[in-house]
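See below for upload27.cif, which holds mmCIF, C-alpha atoms and all ligand atoms.
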```
data_start
loop_
_atom_site.label_atom_id
_atom_site.label_comp_id
_atom_site.auth_asym_id
_atom_site.auth_seq_id
_atom_site.Cartn_x
_atom_site.Cartn_y
_atom_site.Cartn_z
CA MET A 1 18.06 -38.27 -4.84
CA PRO A 2 14.35 -37.99 -3.80
CA SER A 3 11.83 -36.89 -6.44
CA SER A 4 10.33 -33.44 -5.98
CA ALA A 5 7.03 -35.07 -4.93
CA GLU A 6 8.83 -37.13 -2.27
CA HIS A 7 10.66 -34.04 -1.08
CA LEU A 8 7.36 -32.13 -0.81
CA ASP A 9 5.73 -35.03 1.07
CA ARG A 10 8.57 -35.05 3.57
CA VAL A 11 8.53 -31.29 4.08
CA ILE A 12 4.75 -31.33 4.70
CA GLN A 13 5.01 -34.15 7.25
CA GLU A 14 7.86 -32.40 9.07
CA ILE A 15 5.95 -29.13 9.26
CA ALA A 16 2.81 -30.89 10.57
CA ALA A 17 4.90 -32.63 13.26
CA GLU A 18 6.55 -29.34 14.24
CA MET A 19 3.19 -27.59 14.48
CA ALA A 20 1.70 -30.42 16.59
CA ALA A 21 4.50 -29.94 19.12
CA ARG A 22 4.08 -26.18 19.52
CA PRO A 23 2.38 -24.92 22.67
CA ASP A 24 1.41 -21.54 21.15
CA ARG A 25 -1.81 -22.16 19.25
CA GLY A 26 -3.52 -18.75 19.19
CA THR A 27 -7.12 -18.20 20.28
CA VAL A 28 -10.17 -19.76 18.66
CA ALA A 29 -12.74 -17.17 17.45
CA THR A 30 -15.67 -16.87 19.86
CA TYR A 31 -17.65 -13.95 18.43
CA ILE A 32 -19.46 -16.51 16.25
CA PRO A 33 -20.51 -18.83 19.13
CA GLU A 34 -20.54 -21.99 17.00
CA LEU A 35 -16.86 -21.50 16.05
CA ALA A 36 -15.86 -21.54 19.73
CA ARG A 37 -16.66 -25.29 19.81
CA VAL A 38 -13.84 -26.21 17.41
CA ASP A 39 -10.83 -28.17 18.74
CA ALA A 40 -7.87 -25.77 19.00
CA GLY A 41 -5.49 -28.71 18.66
CA ALA A 42 -6.49 -29.46 15.06
CA PHE A 43 -3.97 -28.91 12.27
CA GLY A 44 -4.17 -29.78 8.58
CA LEU A 45 -1.99 -28.96 5.59
CA VAL A 46 -2.38 -29.82 1.90
CA VAL A 47 -0.21 -28.76 -1.02
CA ILE A 48 -1.05 -29.65 -4.64
CA ASP A 49 1.82 -29.13 -7.06
CA ALA A 50 1.68 -28.30 -10.77
CA ASP A 51 1.69 -32.00 -11.69
CA GLY A 52 -1.37 -32.60 -9.53
CA HIS A 53 0.57 -34.40 -6.79
CA VAL A 54 -1.30 -34.00 -3.49
CA ALA A 55 0.86 -33.76 -0.37
CA ALA A 56 -1.35 -33.97 2.72
CA ALA A 57 -0.70 -34.01 6.45
CA GLY A 58 -2.59 -33.87 9.73
CA ASP A 59 -6.33 -33.23 9.77
CA CYS A 60 -6.37 -32.69 6.03
CA ASP A 61 -9.82 -34.21 5.44
CA THR A 62 -11.69 -32.58 8.32
CA PRO A 63 -14.15 -29.94 7.07
CA PHE A 64 -13.86 -26.58 8.80
CA SER A 65 -15.70 -23.28 8.42
CA ILE A 66 -13.95 -21.48 5.56
CA GLN A 67 -15.40 -18.09 6.60
CA SER A 68 -13.54 -15.24 4.85
CA VAL A 69 -11.69 -17.59 2.50
CA SER A 70 -15.04 -17.78 0.70
CA LYS A 71 -14.61 -14.11 -0.24
CA VAL A 72 -12.02 -15.04 -2.88
CA PHE A 73 -14.57 -17.22 -4.62
CA THR A 74 -17.43 -14.71 -4.38
CA LEU A 75 -15.08 -12.06 -5.80
CA THR A 76 -14.20 -14.40 -8.69
CA LEU A 77 -17.85 -15.17 -9.32
CA ALA A 78 -18.93 -11.51 -9.15
CA LEU A 79 -16.15 -10.44 -11.54
CA GLY A 80 -17.41 -13.10 -13.93
CA MET A 81 -20.93 -11.69 -13.68
CA VAL A 82 -20.35 -7.93 -13.83
CA GLY A 83 -16.68 -7.55 -14.85
CA ASP A 84 -14.83 -4.38 -13.91
CA ARG A 85 -18.10 -2.66 -13.01
CA LEU A 86 -17.50 -4.31 -9.63
CA TRP A 87 -14.79 -1.73 -8.87
CA ARG A 88 -17.38 1.06 -8.82
CA ARG A 89 -18.69 -0.21 -5.51
CA VAL A 90 -15.60 -1.60 -3.85
CA GLY A 91 -11.97 -0.46 -3.85
CA ARG A 92 -8.78 -2.49 -4.03
CA GLU A 93 -6.53 -0.91 -1.45
CA PRO A 94 -5.42 -2.47 1.83
CA SER A 95 -7.51 -1.14 4.69
CA GLY A 96 -4.98 -1.16 7.53
CA THR A 97 -7.96 -1.79 9.80
CA ALA A 98 -9.66 -4.85 11.30
CA PHE A 99 -11.76 -7.09 9.06
CA ASN A 100 -15.00 -5.84 10.63
CA SER A 101 -14.07 -2.15 10.94
CA ILE A 102 -16.61 0.55 10.06
CA VAL A 103 -14.49 3.73 10.34
CA GLN A 104 -13.49 4.15 6.69
CA LEU A 105 -17.02 3.79 5.39
CA GLU A 106 -18.06 7.24 6.60
CA ARG A 107 -15.02 8.99 5.16
CA GLU A 108 -15.27 7.13 1.85
CA GLN A 109 -19.00 7.45 1.09
CA GLY A 110 -19.87 3.88 1.95
CA ILE A 111 -17.39 2.38 -0.56
CA PRO A 112 -15.42 -0.37 1.21
CA ARG A 113 -11.66 -0.35 0.77
CA ASN A 114 -11.40 -3.85 -0.70
CA PRO A 115 -13.47 -6.99 -1.36
CA PHE A 116 -12.02 -8.97 1.55
CA ILE A 117 -12.92 -6.83 4.56
CA ASN A 118 -16.43 -7.68 5.71
CA ALA A 119 -18.00 -4.53 4.24
CA GLY A 120 -16.39 -5.19 0.85
CA ALA A 121 -17.41 -8.83 0.80
CA ILE A 122 -20.99 -7.90 1.70
CA ALA A 123 -21.02 -5.42 -1.22
CA VAL A 124 -19.72 -8.20 -3.54
CA THR A 125 -22.36 -10.65 -2.29
CA ASP A 126 -25.01 -8.02 -3.01
CA LEU A 127 -23.82 -7.96 -6.65
CA ILE A 128 -24.10 -11.75 -6.94
CA LEU A 129 -27.58 -11.57 -5.46
CA SER A 130 -28.92 -8.93 -7.84
CA GLY A 131 -31.94 -10.23 -9.71
CA HIS A 132 -31.89 -13.59 -7.93
CA LYS A 133 -33.55 -15.09 -4.90
CA PRO A 134 -31.13 -15.61 -1.96
CA ARG A 135 -31.46 -19.38 -2.36
CA GLU A 136 -30.50 -19.17 -6.05
CA ALA A 137 -27.47 -16.97 -5.36
CA LEU A 138 -26.29 -19.33 -2.65
CA GLY A 139 -26.81 -22.31 -4.93
CA GLU A 140 -24.66 -20.58 -7.54
CA ILE A 141 -21.84 -20.04 -5.02
CA LEU A 142 -22.02 -23.62 -3.75
CA ARG A 143 -22.05 -25.05 -7.29
CA PHE A 144 -18.96 -22.98 -8.09
CA MET A 145 -17.13 -24.34 -5.03
CA ARG A 146 -18.06 -27.92 -5.91
CA PHE A 147 -16.96 -27.42 -9.51
CA LEU A 148 -13.60 -25.94 -8.49
CA ALA A 149 -12.89 -28.56 -5.85
CA GLU A 150 -14.26 -31.35 -8.07
CA ASP A 151 -16.23 -32.52 -5.08
CA GLU A 152 -20.03 -32.64 -4.88
CA THR A 153 -20.03 -33.32 -1.13
CA ILE A 154 -19.19 -29.75 -0.10
CA THR A 155 -22.02 -28.26 1.98
CA ILE A 156 -22.92 -25.33 4.20
CA ASP A 157 -22.72 -25.78 7.97
CA GLU A 158 -26.20 -24.54 8.86
CA ALA A 159 -25.39 -24.35 12.58
CA VAL A 160 -22.53 -21.92 11.87
CA ALA A 161 -24.70 -19.85 9.50
CA ALA A 162 -27.52 -19.65 12.06
CA SER A 163 -25.05 -18.80 14.82
CA GLU A 164 -23.69 -15.86 12.84
CA GLN A 165 -27.14 -14.79 11.72
CA ARG A 166 -28.17 -14.56 15.39
CA THR A 167 -25.11 -12.61 16.52
CA GLY A 168 -23.83 -10.71 13.45
CA PHE A 169 -24.79 -7.26 14.72
CA ARG A 170 -21.59 -5.67 13.43
CA ASN A 171 -22.19 -6.97 9.91
CA ASN A 172 -25.76 -5.69 10.10
CA ALA A 173 -24.38 -2.28 11.02
CA LEU A 174 -21.89 -2.35 8.12
CA ALA A 175 -24.58 -3.40 5.66
CA TYR A 176 -27.18 -0.83 6.75
CA TYR A 177 -24.50 1.85 6.73
CA MET A 178 -23.56 0.98 3.13
CA LYS A 179 -27.24 0.80 2.23
CA SER A 180 -27.64 4.39 3.46
CA PHE A 181 -25.08 5.44 0.82
CA GLY A 182 -26.90 3.48 -1.89
CA VAL A 183 -24.07 0.94 -2.21
CA LEU A 184 -26.32 -2.13 -1.75
CA ASP A 185 -29.17 -2.86 -4.18
CA ASN A 186 -30.96 -5.65 -2.33
CA PRO A 187 -32.75 -5.83 1.04
CA VAL A 188 -30.04 -6.02 3.70
CA GLU A 189 -31.47 -9.20 5.22
CA PHE A 190 -31.27 -10.97 1.84
CA THR A 191 -27.67 -9.90 1.20
CA LEU A 192 -26.56 -10.79 4.72
CA GLY A 193 -28.39 -14.12 4.56
CA VAL A 194 -26.34 -15.10 1.51
CA TYR A 195 -23.13 -13.66 3.03
CA PHE A 196 -23.48 -15.55 6.34
CA HIS A 197 -24.20 -18.78 4.47
CA HIS A 198 -21.27 -18.56 2.07
CA CYS A 199 -18.98 -17.83 5.02
CA ALA A 200 -20.39 -21.00 6.64
CA ILE A 201 -19.34 -23.29 3.77
CA ALA A 202 -17.40 -26.18 5.31
CA MET A 203 -14.39 -27.54 3.44
CA SER A 204 -11.31 -29.58 4.23
CA CYS A 205 -7.75 -28.50 3.41
CA ARG A 206 -7.79 -31.02 0.57
CA GLN A 207 -10.95 -29.52 -0.95
CA LEU A 208 -9.69 -25.96 -0.49
CA ALA A 209 -6.30 -26.65 -2.08
CA MET A 210 -8.14 -28.26 -5.00
CA ALA A 211 -10.41 -25.22 -5.37
CA ALA A 212 -7.41 -22.84 -5.41
CA ARG A 213 -5.62 -24.52 -8.30
CA PHE A 214 -6.89 -22.10 -10.93
CA LEU A 215 -5.32 -19.20 -9.05
CA ALA A 216 -1.95 -20.94 -8.93
CA HIS A 217 -1.98 -21.72 -12.65
CA SER A 218 -2.95 -18.54 -14.52
CA GLY A 219 -6.68 -19.11 -14.23
CA ARG A 220 -6.68 -22.69 -15.49
CA ASN A 221 -7.14 -25.99 -13.71
CA PRO A 222 -3.97 -27.80 -14.81
CA SER A 223 -5.40 -31.31 -14.53
CA THR A 224 -8.68 -30.76 -16.40
CA GLY A 225 -7.35 -28.00 -18.66
CA LEU A 226 -10.54 -26.04 -17.95
CA SER A 227 -10.17 -22.28 -17.81
CA VAL A 228 -11.93 -20.63 -14.84
CA VAL A 229 -10.76 -17.05 -15.43
CA ASN A 230 -8.28 -15.52 -17.85
CA PRO A 231 -4.62 -15.15 -16.79
CA GLU A 232 -4.96 -11.41 -16.20
CA ARG A 233 -7.89 -11.89 -13.83
CA ALA A 234 -6.10 -14.63 -11.91
CA ARG A 235 -3.09 -12.33 -11.52
CA ARG A 236 -5.29 -9.52 -10.26
CA ILE A 237 -7.17 -11.68 -7.75
CA ASN A 238 -3.80 -12.90 -6.46
CA ALA A 239 -2.62 -9.29 -6.15
CA ILE A 240 -5.61 -8.45 -3.97
CA MET A 241 -4.98 -11.56 -1.86
CA LEU A 242 -1.40 -10.46 -1.35
CA THR A 243 -2.25 -6.88 -0.37
CA CYS A 244 -5.57 -7.40 1.46
CA GLY A 245 -5.97 -11.12 2.19
CA HIS A 246 -4.94 -10.88 5.85
CA TYR A 247 -6.48 -7.49 6.72
CA ASP A 248 -4.11 -5.46 8.88
CA GLY A 249 -1.85 -8.52 9.03
CA SER A 250 -1.33 -8.48 5.25
CA GLY A 251 2.06 -6.75 5.41
CA GLU A 252 3.33 -9.23 7.98
CA PHE A 253 2.05 -12.18 5.90
CA ALA A 254 3.78 -10.86 2.75
CA TYR A 255 6.97 -10.23 4.75
CA ARG A 256 7.08 -13.67 6.36
CA VAL A 257 5.36 -15.96 3.84
CA GLY A 258 5.65 -14.06 0.56
CA LEU A 259 2.62 -15.58 -1.15
CA PRO A 260 -0.87 -14.37 -2.05
CA GLY A 261 -3.13 -15.82 0.63
CA LYS A 262 -6.57 -15.48 2.20
CA SER A 263 -7.43 -16.23 5.80
CA GLY A 264 -10.70 -16.94 7.59
CA VAL A 265 -11.68 -16.79 11.25
CA GLY A 266 -12.33 -20.53 11.13
CA GLY A 267 -8.52 -20.80 11.10
CA GLY A 268 -8.09 -21.65 7.43
CA ILE A 269 -5.62 -20.02 5.06
CA MET A 270 -5.62 -20.62 1.32
CA ALA A 271 -2.44 -19.59 -0.49
CA VAL A 272 -0.94 -19.92 -3.94
CA ALA A 273 2.62 -20.20 -5.18
CA PRO A 274 2.07 -19.00 -8.75
CA GLY A 275 3.01 -21.65 -11.31
CA LYS A 276 4.03 -24.04 -8.54
CA ALA A 277 1.33 -25.03 -6.08
CA SER A 278 -1.97 -24.38 -4.37
CA ILE A 279 -1.98 -24.65 -0.59
CA ALA A 280 -4.50 -24.90 2.24
CA VAL A 281 -3.66 -24.93 5.93
CA TRP A 282 -5.97 -25.08 8.93
CA SER A 283 -5.30 -24.40 12.58
CA PRO A 284 -8.25 -22.83 14.43
CA GLY A 285 -6.32 -20.63 16.90
CA LEU A 286 -6.04 -17.03 15.66
CA ASP A 287 -3.60 -14.16 16.20
CA ALA A 288 -4.60 -10.62 17.18
CA ALA A 289 -5.53 -9.70 13.58
CA GLY A 290 -7.90 -12.70 13.31
CA ASN A 291 -5.61 -14.83 11.11
CA SER A 292 -4.58 -18.42 11.88
CA HIS A 293 -1.52 -18.26 14.15
CA LEU A 294 0.04 -21.63 13.35
CA GLY A 295 -1.30 -21.51 9.79
CA ARG A 296 0.92 -18.53 9.09
CA ILE A 297 3.91 -20.06 10.82
CA ALA A 298 3.47 -23.30 8.86
CA LEU A 299 3.28 -21.39 5.57
CA GLU A 300 6.38 -19.39 6.46
CA SER A 301 8.25 -22.63 7.03
CA LEU A 302 6.88 -24.15 3.80
CA THR A 303 7.88 -21.23 1.56
CA LYS A 304 11.32 -21.06 3.15
CA ARG A 305 12.00 -24.77 2.66
CA MET A 306 10.57 -24.90 -0.86
CA GLY A 307 11.92 -21.52 -2.01
CA TRP A 308 8.43 -20.49 -3.04
CA SER A 309 8.23 -16.86 -1.89
CA ILE A 310 7.32 -14.68 -4.87
CA PHE A 311 9.92 -12.13 -3.77
O1 LIG A 401 -18.36 -11.75 8.80
C1 LIG A 401 -17.63 -12.31 9.60
O2 LIG A 401 -17.21 -11.75 10.61
C2 LIG A 401 -17.22 -13.72 9.31
N1 LIG A 401 -18.28 -14.43 8.64
C3 LIG A 401 -15.99 -13.78 8.44
C4 LIG A 401 -14.82 -13.01 9.00
C5 LIG A 401 -13.50 -13.62 8.72
O3 LIG A 401 -13.37 -14.78 8.42
C6 LIG A 401 -12.32 -12.75 8.95
N2 LIG A 401 -11.10 -13.49 8.71
N3 LIG A 401 -10.09 -13.64 9.23
#
```
When written as C-alpha cells, how does the structure in this file appear?
Ligand code: DON
Amino acid sequence: MPSSAEHLDRVIQEIAAEMAARPDRGTVATYIPELARVDAGAFGLVVIDADGHVAAAGDCDTPFSIQSVSKVFTLTLALGMVGDRLWRRVGREPSGTAFNSIVQLEREQGIPRNPFINAGAIAVTDLILSGHKPREALGEILRFMRFLAEDETITIDEAVAASEQRTGFRNNALAYYMKSFGVLDNPVEFTLGVYFHHCAIAMSCRQLAMAARFLAHSGRNPSTGLSVVNPERARRINAIMLTCGHYDGSGEFAYRVGLPGKSGVGGGIMAVAPGKASIAVWSPGLDAAGNSHLGRIALESLTKRMGWSIF
C-alpha cells in the first residue's frame, strides 16, 4: 500500500506526462508583448499537502509572470491594512464579464464588481499605496510574497512591467474612469505603476504553492505555525477566489475543478484544497476567458483523482 505522499507524487507525475502529450495548449497572451515570448510548451505543477510534503512535476522551478494571481496577495495585504473598509470601494460579486471590461463601471458608479477583475485590483492597489511612495508600497508587496513563500529570491520581472506600462491603455482607461468617480485616492500613474509591477512578480509553481499555504490551512502556515490571517478571513478570500477567481470562466472552473483558485494571463493558476493542500500549476496557453487552458484541465484531473473537490 503506497503512502499518501507516494500516491500524490505518482498522480502529479502522471498528470504532467498527460499534459505534455496533449496537442491543445491554448494561446499565449500577446496583449502584453513581453508575455508573447514565453514557451507555450512549458508545464509545471506543484502540490504541497498538509504535512508539508512537496509533490512537484515538470517545469516546477521556472519563474513565470504571476500576473493576476498577485491580486489574491494584494487583497490579503489591503484587508490587513484597512479591514472591511475595503468593501466600500470594491464589491464581491462575480462580474460575468472579461477581466479588463469597463461596462459595469458606468452603471455602478465606478465601484468595481470584485477585487480580481482589473478595475477591482487597481482599486485595491490604490488602498495599499495610500500614504506611501510607490516604491514603498511595492516593497511591502514583495516582502509579503517573500515571507509567504519563505524565499528571498522572488523578484519583479522589470521587462514585463515595462512592457505592460507601455501598452496598458485599457488599464489606464479603467483607472481614470474610476478616478472620475472619486474611487482612487492617488495619482493614477502612481497606482498603475504599483499595479503593473505587482502583476510582473515572477514566481515558480513551487514558490506559489508555498505562498498559498495559509489559504489552504485556515489562515495559518502549517509548517511554521505562523498565522497570516484569521480563519474567517482565509475562508472569505477563498470564497472570492471560488466565485471570481477566473472571471467569466469562474462557473466553469467551479463546475470542473471544484476548488477556490486564481488565474493569471501568464498561465499560472493557484488553487487551494481547504485543509488538504495548496496547489500551483503553470501552462502559458490560455482559453478564451484568459485562463490557463491546460492548467484547468490538469487541476480537474487532480481533484478527480484525489477526491479534493469541495463539493
Ligand atoms: O492588467 C492586466 O491586464 C494584467 N496585468 C493582469 C491580467 C490577468 O492576469 C488576467 N488573468 N487571467
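The interatomic distance for the pair CA of Ala161 in chain A and CA of Arg25 in chain A works out to 25.0 Å.
Counting only C-alpha atoms and comparing A:Ser130, A:Thr27, A:Gln207, A:Ser250, the residue that lies closest to Thr62 in chain A is A:Gln207.
Polymer residues near (-2.5, -34.8, 19.7): counting only C-alpha atoms with a cut-off of 9 Å, they are Ala20, Ala21, Gly41 and Ala42 of chain A.
Atom pair CA of Leu75 in chain A / CA of Tyr255 in chain A has a distance of 24.5 Å (rounded to one decimal).
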For His198 in chain A, list every protein, DNA or RNA residue within 12 Å, evaluated using all atoms listed in the file, and leave out those in the same chain fewer than 5 positions away; present the list as a PDB file with C-alpha atoms, in the frame of the given file.
```pdb
ATOM      1  CA  SER A  65     -15.700 -23.280   8.420  1.00  0.00           C
ATOM      2  CA  ILE A  66     -13.950 -21.480   5.560  1.00  0.00           C
ATOM      3  CA  GLN A  67     -15.400 -18.090   6.600  1.00  0.00           C
ATOM      4  CA  SER A  68     -13.540 -15.240   4.850  1.00  0.00           C
ATOM      5  CA  VAL A  69     -11.690 -17.590   2.500  1.00  0.00           C
ATOM      6  CA  SER A  70     -15.040 -17.780   0.700  1.00  0.00           C
ATOM      7  CA  LYS A  71     -14.610 -14.110  -0.240  1.00  0.00           C
ATOM      8  CA  VAL A  72     -12.020 -15.040  -2.880  1.00  0.00           C
ATOM      9  CA  PHE A  73     -14.570 -17.220  -4.620  1.00  0.00           C
ATOM     10  CA  THR A  74     -17.430 -14.710  -4.380  1.00  0.00           C
ATOM     11  CA  LEU A  75     -15.080 -12.060  -5.800  1.00  0.00           C
ATOM     12  CA  ALA A 121     -17.410  -8.830   0.800  1.00  0.00           C
ATOM     13  CA  ILE A 122     -20.990  -7.900   1.700  1.00  0.00           C
ATOM     14  CA  VAL A 124     -19.720  -8.200  -3.540  1.00  0.00           C
ATOM     15  CA  THR A 125     -22.360 -10.650  -2.290  1.00  0.00           C
ATOM     16  CA  ILE A 128     -24.100 -11.750  -6.940  1.00  0.00           C
ATOM     17  CA  PRO A 134     -31.130 -15.610  -1.960  1.00  0.00           C
ATOM     18  CA  ARG A 135     -31.460 -19.380  -2.360  1.00  0.00           C
ATOM     19  CA  ALA A 137     -27.470 -16.970  -5.360  1.00  0.00           C
ATOM     20  CA  LEU A 138     -26.290 -19.330  -2.650  1.00  0.00           C
ATOM     21  CA  GLY A 139     -26.810 -22.310  -4.930  1.00  0.00           C
ATOM     22  CA  GLU A 140     -24.660 -20.580  -7.540  1.00  0.00           C
ATOM     23  CA  ILE A 141     -21.840 -20.040  -5.020  1.00  0.00           C
ATOM     24  CA  LEU A 142     -22.020 -23.620  -3.750  1.00  0.00           C
ATOM     25  CA  ARG A 143     -22.050 -25.050  -7.290  1.00  0.00           C
ATOM     26  CA  PHE A 144     -18.960 -22.980  -8.090  1.00  0.00           C
ATOM     27  CA  MET A 145     -17.130 -24.340  -5.030  1.00  0.00           C
ATOM     28  CA  ILE A 154     -19.190 -29.750  -0.100  1.00  0.00           C
ATOM     29  CA  THR A 155     -22.020 -28.260   1.980  1.00  0.00           C
ATOM     30  CA  ILE A 156     -22.920 -25.330   4.200  1.00  0.00           C
ATOM     31  CA  ASP A 157     -22.720 -25.780   7.970  1.00  0.00           C
ATOM     32  CA  GLU A 158     -26.200 -24.540   8.860  1.00  0.00           C
ATOM     33  CA  VAL A 160     -22.530 -21.920  11.870  1.00  0.00           C
ATOM     34  CA  ALA A 161     -24.700 -19.850   9.500  1.00  0.00           C
ATOM     35  CA  ALA A 162     -27.520 -19.650  12.060  1.00  0.00           C
ATOM     36  CA  GLU A 164     -23.690 -15.860  12.840  1.00  0.00           C
ATOM     37  CA  GLN A 165     -27.140 -14.790  11.720  1.00  0.00           C
ATOM     38  CA  THR A 191     -27.670  -9.900   1.200  1.00  0.00           C
ATOM     39  CA  LEU A 192     -26.560 -10.790   4.720  1.00  0.00           C
ATOM     40  CA  GLY A 193     -28.390 -14.120   4.560  1.00  0.00           C
ATOM     41  CA  MET A 203     -14.390 -27.540   3.440  1.00  0.00           C
TER      42      MET A 203
END
```
Could you give me the residues within 10 Å of ligand LIG 401 (chain A), counting all atoms listed in the file, as an MDAnalysis selection string?
chainID A and resid 29 31:32 65:71 98:100 116:119 121:122 160:161 164:165 167:172 192 195:200 245:247 249 262:269 286:287 289:292
Excluding Gln104 in chain A and its own-chain neighbours fewer than 2 positions away, which residues fall within 12 Å of it when counting all atoms listed in the file? Please give them as a list in words.
Gly91, Glu93, Pro94, Ser95, Gly96, Thr97, Ala98, Phe99, Asn100, Ser101, Ile102, Glu106, Arg107, Glu108, Gln109, Gly110, Ile111, Pro112, Arg113, Asn114, Ile117, Ala119, Gly120, Leu174, Tyr177 and Met178 of chain A
With only C-alpha atoms counted and 12 Å as the cut-off, give the residues of range 244-288 of chain A in contact with range 221-224 of chain A, each with its shortest interatomic distance in Å and the pair that gives it, as CSV.
```
residue,atom,partner,partner_atom,distance
A:Gly275,CA,A:Pro222,CA,9.9
A:Lys276,CA,A:Pro222,CA,10.8
A:Ala277,CA,A:Pro222,CA,10.6
A:Ser278,CA,A:Asn221,CA,10.8
```
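Closest to Arg10 in chain A among A:Phe311, A:Pro115, A:Leu105, A:Arg305 is A:Arg305, based on all atoms listed in the file.
Note that the spacing between CA of Ser3 in chain A and CA of Gly52 in chain A amounts to 14.2 Å.
Each of A:Met306, A:Val188, A:Leu79, A:Val47 was checked against Ala271 in chain A using only C-alpha atoms; the smallest atom-to-atom distance is that of A:Val47.
Remark: for Leu86 in chain A, the closest of the candidate residues A:Gly58, A:Val28, A:Ala40, A:Asp126 is A:Asp126 (distances computed over all atoms listed in the file).
Counting only C-alpha atoms and comparing A:Phe181, A:Trp282, A:Phe64, A:Trp308, the residue that lies closest to Val46 in chain A is A:Trp282.
Among the candidate residues A:Leu299, A:Ala55, A:Arg213, A:Asn186, the one lying nearest to Gln13 in chain A is A:Ala55, with distances computed using all atoms listed in the file.
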Tell me, as a PDB file with C-alpha atoms, keeping the file's coordinate frame, which residues lie within 10 Å of His53 in chain A, counting only C-alpha atoms; anything in the same chain fewer than 5 positions away does not count.
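Written file, around.pdb:
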```
ATOM      1  CA  SER A   4      10.330 -33.440  -5.980  1.00  0.00           C
ATOM      2  CA  ALA A   5       7.030 -35.070  -4.930  1.00  0.00           C
ATOM      3  CA  GLU A   6       8.830 -37.130  -2.270  1.00  0.00           C
ATOM      4  CA  LEU A   8       7.360 -32.130  -0.810  1.00  0.00           C
ATOM      5  CA  ASP A   9       5.730 -35.030   1.070  1.00  0.00           C
ATOM      6  CA  VAL A  47      -0.210 -28.760  -1.020  1.00  0.00           C
ATOM      7  CA  ILE A  48      -1.050 -29.650  -4.640  1.00  0.00           C
ATOM      8  CA  ALA A 277       1.330 -25.030  -6.080  1.00  0.00           C
TER       9      ALA A 277
END
```
